[in-house]
Amino acid sequence: MDKKMIFSGIQPSGCLTVANYIGALKNWVKLQHEYHCCFSVVDLHAMTVRQDPKELRKRCMEFLVQYLACGIDPVENMIFFQSHVTTHSELAWILNCSTYMGELQRMTQFKDKSAKNEDNINAGLFTYPVLMAADILLYQTDLVPVGVDQKQHLELARDIAGRFNGIYGDTFKVPEPYIAEVGAKIMSLQAPEKKMSKSDDNPNAYIALLDAPDVIVRKLKRAVTDSDSLVKFAEGKDGINNLLTIYASFTGEKIEAIEARFDGKGYGDFKLAVAEVIVEGLRPVREKYEDLMQNKDYVHKIYTESAQKAQAISMRTMKKVYKKIGFVERG
Ligand code: TYM
């Protein structure tokens, strides 16, 4: 039987963090053999915030290489830059015309981002979830592995697909989210009531996948915790809960087992242990990244061939869409 389809992407802003790893990349690696997968560096999305062109180009490449370094198999899966596959922008326009302003106004990420970028509340920032819907629906995607912060966008994608299918007849598969039970929302190390964000102004708030071991240890030592000293998952202990979650995600252990191991030990010991599992977990990623960065021709081949495949697959959906909505067939 043919494998089911996965699409997921990460916006090339800031730097990839353990939150992106735990919430997304780790699950991509886990699911990649069971599904046909498209993993994209969604550069069109990054345009919703002002970018320095030189920096953006460099960052996009670094993100793609990190996908590979995390263990995505480029033979079985497609790994590409969103802007290399022209259908994403094409379908986004069509879907823009069947999405309501009210639906977009309800998106919490739009509210948050427009509050942060008051001088640049552009139309792209507003219609961003429609581009995300296009990314997903183009590939007749079954499953979308993401962190919980993308759930609302995914629900909108489902609504848009359902509405389009209702008006024009069956066109898109309605996708399901894949949100892991542990690690769907990793919190900031400096303000553990807020999610960890890869574009946080304070680098101590996140661990980057490429942070050196001593940097990881230093950031963990500075992580904000509460004032008692019990390594226990409990209400009001956001900082410790977050560190327990990170530890559990890296080792695959149950939270209760970790609590038992650190019974009677202080936060200092626990923070060092968390740093250690992160350092060890990311060591192969860092090493493979250094290696691949020396091998640009290989990387170039991967994203070029993947984009060609993705273009062909997504064009099938595009043709179907254009036919359904009544456009004259291309000669
Ligand atoms: P982005 O780039 O903000 O985040 C990339 C992925 O990382 C997850 N994530 C987290 N998971 C756990 N804890 C956190 N603190 C955390 N922060 C981020 C996100 O949920 C996401 O899975 N709009 C998307 C990118 C996108 C996309 C798509 C995703 C564009 N098109 C199509 C899936 C399918 C975004 O900005 O994610």
# chains A, B, ... in the order shown; residues from 1 in each chain; ligands from 1
>>> residues_around(residues="Lys265 (chain A)", least_positions_apart="4", cutoff="12 Å", atoms="only C-alpha atoms", output="compact mmCIF listing (two decimals) with C-alpha atoms, in the first residue's frame")
# COMPACT_ATOMS: atom_id res chain seq x y z
CA ASP A 228 12.02 25.49 46.79
CA SER A 229 14.40 22.70 45.86
CA LEU A 230 12.24 19.71 44.93
CA VAL A 231 12.80 18.19 41.51
CA LYS A 232 9.10 17.44 41.06
CA ILE A 258 13.49 11.20 36.58
CA GLU A 259 11.86 12.63 39.72
CA ALA A 260 12.79 9.46 41.62
CA ARG A 261 16.42 9.64 40.47
CA ASP A 269 22.78 18.86 40.26
CA PHE A 270 19.61 18.54 38.24
CA LYS A 271 20.46 21.48 35.96
CA LEU A 272 23.88 19.97 35.22
CA ALA A 273 22.27 16.62 34.42
>>> residues_near_ligand(ligand="ligand 1", cutoff="7 Å", atoms="only C-alpha atoms and all ligand atoms", output="PDB file with all heavy atoms, in the first residue's frame")
ATOM      1  N   PHE A   7       3.636  16.714   5.645  1.00  0.00           N
ATOM      2  CA  PHE A   7       4.321  17.982   5.332  1.00  0.00           C
ATOM      3  C   PHE A   7       4.586  18.702   6.647  1.00  0.00           C
ATOM      4  O   PHE A   7       3.712  18.764   7.530  1.00  0.00           O
ATOM      5  CB  PHE A   7       3.462  18.901   4.435  1.00  0.00           C
ATOM      6  CG  PHE A   7       4.215  20.162   4.064  1.00  0.00           C
ATOM      7  CD1 PHE A   7       4.909  20.255   2.875  1.00  0.00           C
ATOM      8  CD2 PHE A   7       4.287  21.236   4.956  1.00  0.00           C
ATOM      9  CE1 PHE A   7       5.661  21.395   2.566  1.00  0.00           C
ATOM     10  CE2 PHE A   7       5.034  22.370   4.661  1.00  0.00           C
ATOM     11  CZ  PHE A   7       5.717  22.455   3.458  1.00  0.00           C
ATOM     12  N   SER A   8       5.797  19.255   6.780  1.00  0.00           N
ATOM     13  CA  SER A   8       6.041  20.176   7.886  1.00  0.00           C
ATOM     14  C   SER A   8       7.166  21.130   7.504  1.00  0.00           C
ATOM     15  O   SER A   8       7.932  20.859   6.577  1.00  0.00           O
ATOM     16  CB  SER A   8       6.373  19.415   9.173  1.00  0.00           C
ATOM     17  OG  SER A   8       6.172  20.279  10.283  1.00  0.00           O
ATOM     18  N   GLY A   9       7.213  22.249   8.202  1.00  0.00           N
ATOM     19  CA  GLY A   9       8.222  23.252   7.867  1.00  0.00           C
ATOM     20  C   GLY A   9       8.596  24.083   9.071  1.00  0.00           C
ATOM     21  O   GLY A   9       7.893  24.090  10.089  1.00  0.00           O
ATOM     22  N   ILE A  10       9.733  24.746   8.951  1.00  0.00           N
ATOM     23  CA  ILE A  10      10.186  25.658  10.006  1.00  0.00           C
ATOM     24  C   ILE A  10      10.587  26.968   9.342  1.00  0.00           C
ATOM     25  O   ILE A  10      11.208  26.977   8.271  1.00  0.00           O
ATOM     26  CB  ILE A  10      11.379  25.065  10.795  1.00  0.00           C
ATOM     27  CG1 ILE A  10      10.977  23.713  11.428  1.00  0.00           C
ATOM     28  CG2 ILE A  10      11.863  26.045  11.862  1.00  0.00           C
ATOM     29  CD1 ILE A  10      12.064  23.037  12.255  1.00  0.00           C
ATOM     30  N   GLN A  11      10.210  28.041   9.987  1.00  0.00           N
ATOM     31  CA  GLN A  11      10.530  29.365   9.465  1.00  0.00           C
ATOM     32  C   GLN A  11      11.985  29.733   9.748  1.00  0.00           C
ATOM     33  O   GLN A  11      12.398  29.667  10.917  1.00  0.00           O
ATOM     34  CB  GLN A  11       9.680  30.352  10.255  1.00  0.00           C
ATOM     35  CG  GLN A  11       8.859  31.237   9.412  1.00  0.00           C
ATOM     36  CD  GLN A  11       8.296  32.333  10.265  1.00  0.00           C
ATOM     37  OE1 GLN A  11       8.625  33.482  10.078  1.00  0.00           O
ATOM     38  NE2 GLN A  11       7.453  32.001  11.209  1.00  0.00           N
ATOM     39  N   PRO A  12      12.741  30.129   8.735  1.00  0.00           N
ATOM     40  CA  PRO A  12      14.137  30.484   8.995  1.00  0.00           C
ATOM     41  C   PRO A  12      14.277  31.864   9.641  1.00  0.00           C
ATOM     42  O   PRO A  12      14.639  32.845   8.994  1.00  0.00           O
ATOM     43  CB  PRO A  12      14.778  30.441   7.598  1.00  0.00           C
ATOM     44  CG  PRO A  12      13.662  30.726   6.663  1.00  0.00           C
ATOM     45  CD  PRO A  12      12.403  30.220   7.307  1.00  0.00           C
ATOM     46  N   ALA A  19      13.629  23.543  21.359  1.00  0.00           N
ATOM     47  CA  ALA A  19      12.158  23.516  21.285  1.00  0.00           C
ATOM     48  C   ALA A  19      11.708  23.058  19.896  1.00  0.00           C
ATOM     49  O   ALA A  19      10.799  22.229  19.773  1.00  0.00           O
ATOM     50  CB  ALA A  19      11.586  24.898  21.601  1.00  0.00           C
ATOM     51  N   ASN A  20      12.359  23.562  18.852  1.00  0.00           N
ATOM     52  CA  ASN A  20      12.027  23.120  17.496  1.00  0.00           C
ATOM     53  C   ASN A  20      12.399  21.648  17.315  1.00  0.00           C
ATOM     54  O   ASN A  20      11.711  20.905  16.608  1.00  0.00           O
ATOM     55  CB  ASN A  20      12.770  23.946  16.436  1.00  0.00           C
ATOM     56  CG  ASN A  20      12.517  25.432  16.549  1.00  0.00           C
ATOM     57  OD1 ASN A  20      13.450  26.217  16.704  1.00  0.00           O
ATOM     58  ND2 ASN A  20      11.247  25.829  16.510  1.00  0.00           N
ATOM     59  N   TYR A  21      13.472  21.263  17.979  1.00  0.00           N
ATOM     60  CA  TYR A  21      13.934  19.874  17.891  1.00  0.00           C
ATOM     61  C   TYR A  21      12.916  18.946  18.551  1.00  0.00           C
ATOM     62  O   TYR A  21      12.453  17.972  17.959  1.00  0.00           O
ATOM     63  CB  TYR A  21      15.305  19.765  18.570  1.00  0.00           C
ATOM     64  CG  TYR A  21      15.894  18.376  18.529  1.00  0.00           C
ATOM     65  CD1 TYR A  21      16.397  17.850  17.345  1.00  0.00           C
ATOM     66  CD2 TYR A  21      15.944  17.597  19.680  1.00  0.00           C
ATOM     67  CE1 TYR A  21      16.940  16.575  17.311  1.00  0.00           C
ATOM     68  CE2 TYR A  21      16.485  16.318  19.651  1.00  0.00           C
ATOM     69  CZ  TYR A  21      16.978  15.817  18.455  1.00  0.00           C
ATOM     70  OH  TYR A  21      17.502  14.549  18.424  1.00  0.00           O
ATOM     71  N   ILE A  22      12.532  19.297  19.768  1.00  0.00           N
ATOM     72  CA  ILE A  22      11.622  18.420  20.522  1.00  0.00           C
ATOM     73  C   ILE A  22      10.203  18.472  19.937  1.00  0.00           C
ATOM     74  O   ILE A  22       9.545  17.445  19.767  1.00  0.00           O
ATOM     75  CB  ILE A  22      11.607  18.826  22.016  1.00  0.00           C
ATOM     76  CG1 ILE A  22      12.990  18.560  22.636  1.00  0.00           C
ATOM     77  CG2 ILE A  22      10.519  18.072  22.787  1.00  0.00           C
ATOM     78  CD1 ILE A  22      13.174  19.140  24.036  1.00  0.00           C
ATOM     79  N   GLY A  23       9.740  19.698  19.611  1.00  0.00           N
ATOM     80  CA  GLY A  23       8.369  19.850  19.115  1.00  0.00           C
ATOM     81  C   GLY A  23       8.186  19.360  17.690  1.00  0.00           C
ATOM     82  O   GLY A  23       7.098  18.906  17.324  1.00  0.00           O
ATOM     83  N   ALA A  24       9.242  19.453  16.871  1.00  0.00           N
ATOM     84  CA  ALA A  24       9.073  19.125  15.453  1.00  0.00           C
ATOM     85  C   ALA A  24      10.116  18.128  14.945  1.00  0.00           C
ATOM     86  O   ALA A  24       9.795  16.963  14.682  1.00  0.00           O
ATOM     87  CB  ALA A  24       9.107  20.412  14.633  1.00  0.00           C
ATOM     88  N   VAL A  42      10.740  27.138   5.266  1.00  0.00           N
ATOM     89  CA  VAL A  42       9.670  27.964   4.693  1.00  0.00           C
ATOM     90  C   VAL A  42      10.099  29.441   4.647  1.00  0.00           C
ATOM     91  O   VAL A  42       9.685  30.265   5.437  1.00  0.00           O
ATOM     92  CB  VAL A  42       8.310  27.738   5.413  1.00  0.00           C
ATOM     93  CG1 VAL A  42       7.743  26.371   5.059  1.00  0.00           C
ATOM     94  CG2 VAL A  42       8.427  27.855   6.921  1.00  0.00           C
ATOM     95  N   HIS A  45       7.570  32.373   4.323  1.00  0.00           N
ATOM     96  CA  HIS A  45       6.976  32.773   5.600  1.00  0.00           C
ATOM     97  C   HIS A  45       7.849  33.788   6.331  1.00  0.00           C
ATOM     98  O   HIS A  45       7.346  34.686   7.012  1.00  0.00           O
ATOM     99  CB  HIS A  45       6.772  31.552   6.505  1.00  0.00           C
ATOM    100  CG  HIS A  45       5.581  30.730   6.138  1.00  0.00           C
ATOM    101  ND1 HIS A  45       4.336  30.955   6.665  1.00  0.00           N
ATOM    102  CD2 HIS A  45       5.441  29.704   5.287  1.00  0.00           C
ATOM    103  CE1 HIS A  45       3.489  30.077   6.148  1.00  0.00           C
ATOM    104  NE2 HIS A  45       4.136  29.307   5.317  1.00  0.00           N
ATOM    105  N   LEU A 131      -0.960  30.826   3.639  1.00  0.00           N
ATOM    106  CA  LEU A 131       0.208  30.242   2.974  1.00  0.00           C
ATOM    107  C   LEU A 131       0.545  28.904   3.628  1.00  0.00           C
ATOM    108  O   LEU A 131       0.886  27.936   2.951  1.00  0.00           O
ATOM    109  CB  LEU A 131       1.399  31.217   3.066  1.00  0.00           C
ATOM    110  CG  LEU A 131       2.723  30.757   2.453  1.00  0.00           C
ATOM    111  CD1 LEU A 131       2.590  30.436   0.967  1.00  0.00           C
ATOM    112  CD2 LEU A 131       3.817  31.816   2.660  1.00  0.00           C
ATOM    113  N   MET A 132       0.405  28.860   4.934  1.00  0.00           N
ATOM    114  CA  MET A 132       0.674  27.598   5.644  1.00  0.00           C
ATOM    115  C   MET A 132      -0.338  26.525   5.224  1.00  0.00           C
ATOM    116  O   MET A 132       0.029  25.354   5.025  1.00  0.00           O
ATOM    117  CB  MET A 132       0.636  27.845   7.155  1.00  0.00           C
ATOM    118  CG  MET A 132       0.863  26.612   7.964  1.00  0.00           C
ATOM    119  SD  MET A 132       1.309  27.007   9.671  1.00  0.00           S
ATOM    120  CE  MET A 132       0.964  25.433  10.439  1.00  0.00           C
ATOM    121  N   ALA A 133      -1.589  26.923   5.045  1.00  0.00           N
ATOM    122  CA  ALA A 133      -2.611  25.969   4.572  1.00  0.00           C
ATOM    123  C   ALA A 133      -2.233  25.469   3.178  1.00  0.00           C
ATOM    124  O   ALA A 133      -2.321  24.268   2.884  1.00  0.00           O
ATOM    125  CB  ALA A 133      -3.988  26.627   4.562  1.00  0.00           C
ATOM    126  N   ASP A 135       0.778  25.267   1.873  1.00  0.00           N
ATOM    127  CA  ASP A 135       1.922  24.344   2.010  1.00  0.00           C
ATOM    128  C   ASP A 135       1.425  22.919   2.230  1.00  0.00           C
ATOM    129  O   ASP A 135       1.909  21.964   1.624  1.00  0.00           O
ATOM    130  CB  ASP A 135       2.767  24.688   3.256  1.00  0.00           C
ATOM    131  CG  ASP A 135       3.387  26.073   3.218  1.00  0.00           C
ATOM    132  OD1 ASP A 135       3.505  26.638   2.125  1.00  0.00           O
ATOM    133  OD2 ASP A 135       3.746  26.581   4.313  1.00  0.00           O
ATOM    134  N   ILE A 136       0.470  22.826   3.132  1.00  0.00           N
ATOM    135  CA  ILE A 136       0.006  21.506   3.567  1.00  0.00           C
ATOM    136  C   ILE A 136      -0.908  20.859   2.515  1.00  0.00           C
ATOM    137  O   ILE A 136      -0.727  19.704   2.130  1.00  0.00           O
ATOM    138  CB  ILE A 136      -0.754  21.647   4.911  1.00  0.00           C
ATOM    139  CG1 ILE A 136       0.201  22.181   5.997  1.00  0.00           C
ATOM    140  CG2 ILE A 136      -1.403  20.340   5.330  1.00  0.00           C
ATOM    141  CD1 ILE A 136      -0.500  22.689   7.251  1.00  0.00           C
ATOM    142  N   VAL A 144       0.500  16.327   9.933  1.00  0.00           N
ATOM    143  CA  VAL A 144       1.390  17.487  10.063  1.00  0.00           C
ATOM    144  C   VAL A 144       2.009  17.483  11.467  1.00  0.00           C
ATOM    145  O   VAL A 144       1.345  17.862  12.436  1.00  0.00           O
ATOM    146  CB  VAL A 144       0.609  18.807   9.829  1.00  0.00           C
ATOM    147  CG1 VAL A 144       1.570  19.997   9.818  1.00  0.00           C
ATOM    148  CG2 VAL A 144      -0.178  18.752   8.542  1.00  0.00           C
ATOM    149  N   PRO A 145       3.259  17.050  11.600  1.00  0.00           N
ATOM    150  CA  PRO A 145       3.894  17.048  12.925  1.00  0.00           C
ATOM    151  C   PRO A 145       4.393  18.441  13.310  1.00  0.00           C
ATOM    152  O   PRO A 145       5.272  18.994  12.659  1.00  0.00           O
ATOM    153  CB  PRO A 145       5.067  16.060  12.773  1.00  0.00           C
ATOM    154  CG  PRO A 145       5.287  15.883  11.306  1.00  0.00           C
ATOM    155  CD  PRO A 145       4.119  16.436  10.565  1.00  0.00           C
ATOM    156  N   VAL A 146       3.814  18.994  14.371  1.00  0.00           N
ATOM    157  CA  VAL A 146       4.144  20.355  14.830  1.00  0.00           C
ATOM    158  C   VAL A 146       4.057  20.418  16.360  1.00  0.00           C
ATOM    159  O   VAL A 146       3.532  19.505  17.000  1.00  0.00           O
ATOM    160  CB  VAL A 146       3.151  21.411  14.265  1.00  0.00           C
ATOM    161  CG1 VAL A 146       3.432  21.736  12.812  1.00  0.00           C
ATOM    162  CG2 VAL A 146       1.707  20.977  14.467  1.00  0.00           C
ATOM    163  N   GLY A 147       4.530  21.548  16.903  1.00  0.00           N
ATOM    164  CA  GLY A 147       4.324  21.841  18.315  1.00  0.00           C
ATOM    165  C   GLY A 147       2.917  22.401  18.508  1.00  0.00           C
ATOM    166  O   GLY A 147       2.234  22.749  17.527  1.00  0.00           O
ATOM    167  N   VAL A 148       2.505  22.516  19.752  1.00  0.00           N
ATOM    168  CA  VAL A 148       1.114  22.897  20.020  1.00  0.00           C
ATOM    169  C   VAL A 148       0.808  24.336  19.583  1.00  0.00           C
ATOM    170  O   VAL A 148      -0.337  24.674  19.264  1.00  0.00           O
ATOM    171  CB  VAL A 148       0.789  22.643  21.513  1.00  0.00           C
ATOM    172  CG1 VAL A 148       1.277  23.747  22.406  1.00  0.00           C
ATOM    173  CG2 VAL A 148      -0.690  22.388  21.711  1.00  0.00           C
ATOM    174  N   ASP A 149       1.840  25.176  19.463  1.00  0.00           N
ATOM    175  CA  ASP A 149       1.605  26.572  19.044  1.00  0.00           C
ATOM    176  C   ASP A 149       1.067  26.680  17.623  1.00  0.00           C
ATOM    177  O   ASP A 149       0.535  27.717  17.242  1.00  0.00           O
ATOM    178  CB  ASP A 149       2.896  27.406  19.193  1.00  0.00           C
ATOM    179  CG  ASP A 149       4.030  26.892  18.321  1.00  0.00           C
ATOM    180  OD1 ASP A 149       4.062  25.683  18.024  1.00  0.00           O
ATOM    181  OD2 ASP A 149       4.873  27.705  17.916  1.00  0.00           O
ATOM    182  N   GLN A 150       1.191  25.607  16.825  1.00  0.00           N
ATOM    183  CA  GLN A 150       0.702  25.661  15.444  1.00  0.00           C
ATOM    184  C   GLN A 150      -0.684  25.036  15.274  1.00  0.00           C
ATOM    185  O   GLN A 150      -1.209  24.947  14.171  1.00  0.00           O
ATOM    186  CB  GLN A 150       1.697  24.959  14.505  1.00  0.00           C
ATOM    187  CG  GLN A 150       3.045  25.650  14.423  1.00  0.00           C
ATOM    188  CD  GLN A 150       2.936  27.083  13.933  1.00  0.00           C
ATOM    189  OE1 GLN A 150       2.198  27.380  12.991  1.00  0.00           O
ATOM    190  NE2 GLN A 150       3.656  27.992  14.566  1.00  0.00           N
ATOM    191  N   GLY A 183       6.511  17.463  25.407  1.00  0.00           N
ATOM    192  CA  GLY A 183       7.389  18.363  24.657  1.00  0.00           C
ATOM    193  C   GLY A 183       6.696  19.171  23.578  1.00  0.00           C
ATOM    194  O   GLY A 183       7.344  19.790  22.746  1.00  0.00           O
ATOM    195  N   ALA A 184       5.365  19.209  23.577  1.00  0.00           N
ATOM    196  CA  ALA A 184       4.648  19.970  22.551  1.00  0.00           C
ATOM    197  C   ALA A 184       4.784  21.479  22.772  1.00  0.00           C
ATOM    198  O   ALA A 184       4.529  22.274  21.872  1.00  0.00           O
ATOM    199  CB  ALA A 184       3.174  19.584  22.553  1.00  0.00           C
ATOM    200  N   LYS A 185       5.174  21.853  23.997  1.00  0.00           N
ATOM    201  CA  LYS A 185       5.406  23.275  24.259  1.00  0.00           C
ATOM    202  C   LYS A 185       6.554  23.414  25.256  1.00  0.00           C
ATOM    203  O   LYS A 185       6.351  23.281  26.465  1.00  0.00           O
ATOM    204  CB  LYS A 185       4.128  23.930  24.804  1.00  0.00           C
ATOM    205  CG  LYS A 185       4.255  25.437  24.873  1.00  0.00           C
ATOM    206  CD  LYS A 185       2.950  26.090  25.250  1.00  0.00           C
ATOM    207  CE  LYS A 185       3.058  27.601  25.174  1.00  0.00           C
ATOM    208  NZ  LYS A 185       1.856  28.256  25.686  1.00  0.00           N
ATOM    209  N   ILE A 186       7.733  23.644  24.722  1.00  0.00           N
ATOM    210  CA  ILE A 186       8.917  23.866  25.560  1.00  0.00           C
ATOM    211  C   ILE A 186       8.953  25.350  25.917  1.00  0.00           C
ATOM    212  O   ILE A 186       8.673  26.206  25.078  1.00  0.00           O
ATOM    213  CB  ILE A 186      10.191  23.436  24.787  1.00  0.00           C
ATOM    214  CG1 ILE A 186      10.120  21.944  24.425  1.00  0.00           C
ATOM    215  CG2 ILE A 186      11.455  23.764  25.577  1.00  0.00           C
ATOM    216  CD1 ILE A 186      10.084  20.992  25.599  1.00  0.00           C
ATOM    217  N   MET A 187       9.280  25.623  27.167  1.00  0.00           N
ATOM    218  CA  MET A 187       9.202  27.006  27.649  1.00  0.00           C
ATOM    219  C   MET A 187      10.576  27.683  27.667  1.00  0.00           C
ATOM    220  O   MET A 187      11.617  27.025  27.659  1.00  0.00           O
ATOM    221  CB  MET A 187       8.598  27.022  29.062  1.00  0.00           C
ATOM    222  CG  MET A 187       7.323  26.205  29.207  1.00  0.00           C
ATOM    223  SD  MET A 187       6.072  26.549  27.958  1.00  0.00           S
ATOM    224  CE  MET A 187       5.321  27.990  28.679  1.00  0.00           C
ATOM    225  N   LYS A 195       6.576  30.564  25.921  1.00  0.00           N
ATOM    226  CA  LYS A 195       7.202  29.477  25.143  1.00  0.00           C
ATOM    227  C   LYS A 195       8.622  29.863  24.724  1.00  0.00           C
ATOM    228  O   LYS A 195       8.927  31.052  24.559  1.00  0.00           O
ATOM    229  CB  LYS A 195       6.347  29.114  23.925  1.00  0.00           C
ATOM    230  CG  LYS A 195       6.354  30.129  22.814  1.00  0.00           C
ATOM    231  CD  LYS A 195       5.753  29.554  21.530  1.00  0.00           C
ATOM    232  CE  LYS A 195       5.927  30.580  20.413  1.00  0.00           C
ATOM    233  NZ  LYS A 195       5.505  30.175  19.110  1.00  0.00           N
ATOM    234  N   MET A 196       9.469  28.859  24.556  1.00  0.00           N
ATOM    235  CA  MET A 196      10.817  29.113  24.044  1.00  0.00           C
ATOM    236  C   MET A 196      10.686  29.521  22.583  1.00  0.00           C
ATOM    237  O   MET A 196       9.992  28.857  21.816  1.00  0.00           O
ATOM    238  CB  MET A 196      11.679  27.842  24.165  1.00  0.00           C
ATOM    239  CG  MET A 196      13.130  28.071  23.764  1.00  0.00           C
ATOM    240  SD  MET A 196      14.162  26.578  23.845  1.00  0.00           S
ATOM    241  CE  MET A 196      14.422  26.366  25.581  1.00  0.00           C
ATOM    242  N   SER A 197      11.329  30.626  22.230  1.00  0.00           N
ATOM    243  CA  SER A 197      11.207  31.119  20.857  1.00  0.00           C
ATOM    244  C   SER A 197      12.593  31.267  20.245  1.00  0.00           C
ATOM    245  O   SER A 197      13.514  31.768  20.894  1.00  0.00           O
ATOM    246  CB  SER A 197      10.480  32.468  20.880  1.00  0.00           C
ATOM    247  OG  SER A 197      10.749  33.168  19.687  1.00  0.00           O
TER     248      SER A 197
END
>>> select_by_dssp(residues="region 36-89 of chain A", states="helix (DSSP H, G or I)", output="PyMOL selection string")
chain A and resi 43-46+53-69+82-84+87-89
>>> write_last_selection(atoms="C-alpha atoms", output="PDB file, in the first residue's frame")
ATOM      1  CA  ASP A  43      11.509  31.050   3.504  1.00  0.00           C
ATOM      2  CA  LEU A  44       8.376  32.731   2.066  1.00  0.00           C
ATOM      3  CA  HIS A  45       6.976  32.773   5.600  1.00  0.00           C
ATOM      4  CA  ALA A  46      10.099  34.515   6.911  1.00  0.00           C
ATOM      5  CA  PRO A  53      18.909  39.506   2.536  1.00  0.00           C
ATOM      6  CA  LYS A  54      22.478  38.315   3.086  1.00  0.00           C
ATOM      7  CA  GLU A  55      21.667  36.981   6.547  1.00  0.00           C
ATOM      8  CA  LEU A  56      18.484  35.310   5.327  1.00  0.00           C
ATOM      9  CA  ARG A  57      20.293  33.412   2.556  1.00  0.00           C
ATOM     10  CA  LYS A  58      22.914  32.152   5.024  1.00  0.00           C
ATOM     11  CA  ARG A  59      20.338  31.201   7.638  1.00  0.00           C
ATOM     12  CA  CYS A  60      18.157  29.308   5.139  1.00  0.00           C
ATOM     13  CA  MET A  61      21.110  27.142   4.171  1.00  0.00           C
ATOM     14  CA  GLU A  62      22.074  26.549   7.811  1.00  0.00           C
ATOM     15  CA  PHE A  63      18.519  25.465   8.634  1.00  0.00           C
ATOM     16  CA  LEU A  64      18.376  22.998   5.756  1.00  0.00           C
ATOM     17  CA  VAL A  65      21.730  21.503   6.731  1.00  0.00           C
ATOM     18  CA  GLN A  66      20.518  21.180  10.327  1.00  0.00           C
ATOM     19  CA  TYR A  67      17.474  19.214   9.125  1.00  0.00           C
ATOM     20  CA  LEU A  68      19.910  16.751   7.559  1.00  0.00           C
ATOM     21  CA  ALA A  69      22.195  16.803  10.598  1.00  0.00           C
ATOM     22  CA  GLN A  82       9.697  26.697  -0.048  1.00  0.00           C
ATOM     23  CA  SER A  83      10.524  29.446  -2.582  1.00  0.00           C
ATOM     24  CA  HIS A  84      11.966  26.832  -4.983  1.00  0.00           C
ATOM     25  CA  THR A  87       3.001  26.209  -6.362  1.00  0.00           C
ATOM     26  CA  HIS A  88       3.093  27.373  -2.708  1.00  0.00           C
ATOM     27  CA  SER A  89       2.534  30.999  -3.678  1.00  0.00           C
TER      28      SER A  89
END
>>> closest_residue(among="A:Thr225, A:Thr141, A:Asn122, A:Ser199", to="Thr17 (chain A)", atoms="only C-alpha atoms")
A:Ser199
>>> residues_around(residues="region 293-310 of chain A", least_positions_apart="2", cutoff="6 Å", atoms="only C-alpha atoms", output="number ranges by chain")
A: 78-80, 85, 290-291, 312-314
>>> write_last_selection(atoms="N, CA and C atoms", output="PDB file, in the first residue's frame")
ATOM      1  N   MET A  78      11.667  14.456   0.879  1.00  0.00           N
ATOM      2  CA  MET A  78      11.979  15.685   0.150  1.00  0.00           C
ATOM      3  C   MET A  78      12.330  16.786   1.152  1.00  0.00           C
ATOM      4  N   ILE A  79      13.463  17.429   0.918  1.00  0.00           N
ATOM      5  CA  ILE A  79      13.922  18.506   1.807  1.00  0.00           C
ATOM      6  C   ILE A  79      14.251  19.701   0.916  1.00  0.00           C
ATOM      7  N   PHE A  80      13.484  20.766   1.038  1.00  0.00           N
ATOM      8  CA  PHE A  80      13.657  21.849   0.054  1.00  0.00           C
ATOM      9  C   PHE A  80      13.305  23.217   0.624  1.00  0.00           C
ATOM     10  N   VAL A  85       9.692  26.022  -4.917  1.00  0.00           N
ATOM     11  CA  VAL A  85       8.527  25.290  -5.437  1.00  0.00           C
ATOM     12  C   VAL A  85       7.414  26.329  -5.610  1.00  0.00           C
ATOM     13  N   GLU A 290      28.829  20.015  10.929  1.00  0.00           N
ATOM     14  CA  GLU A 290      30.160  20.491  10.506  1.00  0.00           C
ATOM     15  C   GLU A 290      30.582  19.759   9.233  1.00  0.00           C
ATOM     16  N   ASP A 291      30.322  18.485   9.219  1.00  0.00           N
ATOM     17  CA  ASP A 291      30.688  17.656   8.088  1.00  0.00           C
ATOM     18  C   ASP A 291      29.960  18.094   6.807  1.00  0.00           C
ATOM     19  N   ALA A 312       6.593  18.748  -9.037  1.00  0.00           N
ATOM     20  CA  ALA A 312       5.777  17.835  -9.852  1.00  0.00           C
ATOM     21  C   ALA A 312       4.573  17.317  -9.055  1.00  0.00           C
ATOM     22  N   ILE A 313       4.805  16.912  -7.815  1.00  0.00           N
ATOM     23  CA  ILE A 313       3.704  16.364  -7.003  1.00  0.00           C
ATOM     24  C   ILE A 313       2.652  17.443  -6.741  1.00  0.00           C
ATOM     25  N   SER A 314       3.120  18.635  -6.369  1.00  0.00           N
ATOM     26  CA  SER A 314       2.168  19.685  -5.999  1.00  0.00           C
ATOM     27  C   SER A 314       1.440  20.240  -7.226  1.00  0.00           C
TER      28      SER A 314
END
>>> atom_distance(atom1="CA of Val41 (chain A)", atom2="CA of Thr245 (chain A)")
26.3 Å
>>> residues_around(residues="region 201-213 of chain A", least_positions_apart="4", cutoff="10 Å", atoms="only C-alpha atoms", output="JSON, numbers by chain")
{"A": [14, 15, 16, 17, 18, 19, 20, 21, 66, 70, 186, 187, 188, 189, 190, 191, 192, 194, 195, 196, 197, 217, 218, 219, 220, 222, 223, 224, 275, 276, 278, 279, 280, 281, 282, 283, 285, 286, 287, 289, 290]}
>>> atom_distance(atom1="CA of Phe250 (chain A)", atom2="CA of Val277 (chain A)")
6.5 Å
>>> residues_around(residues="Glu329 (chain A)", least_positions_apart="4", cutoff="10 Å", atoms="only C-alpha atoms", output="NGL selection string")
:A and (319 or 322-323)
>>> write_last_selection(atoms="N, CA, C and O atoms", output="compact mmCIF listing (two decimals), in the first residue's frame")
# COMPACT_ATOMS: atom_id res chain seq x y z
N LYS A 319 -3.30 21.64 -10.72
CA LYS A 319 -4.08 21.43 -11.95
C LYS A 319 -5.53 21.13 -11.59
O LYS A 319 -6.46 21.64 -12.22
N TYR A 322 -7.21 24.39 -10.42
CA TYR A 322 -7.52 25.31 -11.52
C TYR A 322 -8.70 24.82 -12.35
O TYR A 322 -9.53 25.61 -12.81
N LYS A 323 -8.78 23.52 -12.52
CA LYS A 323 -9.88 22.94 -13.27
C LYS A 323 -11.20 23.13 -12.51
O LYS A 323 -12.19 23.61 -13.06
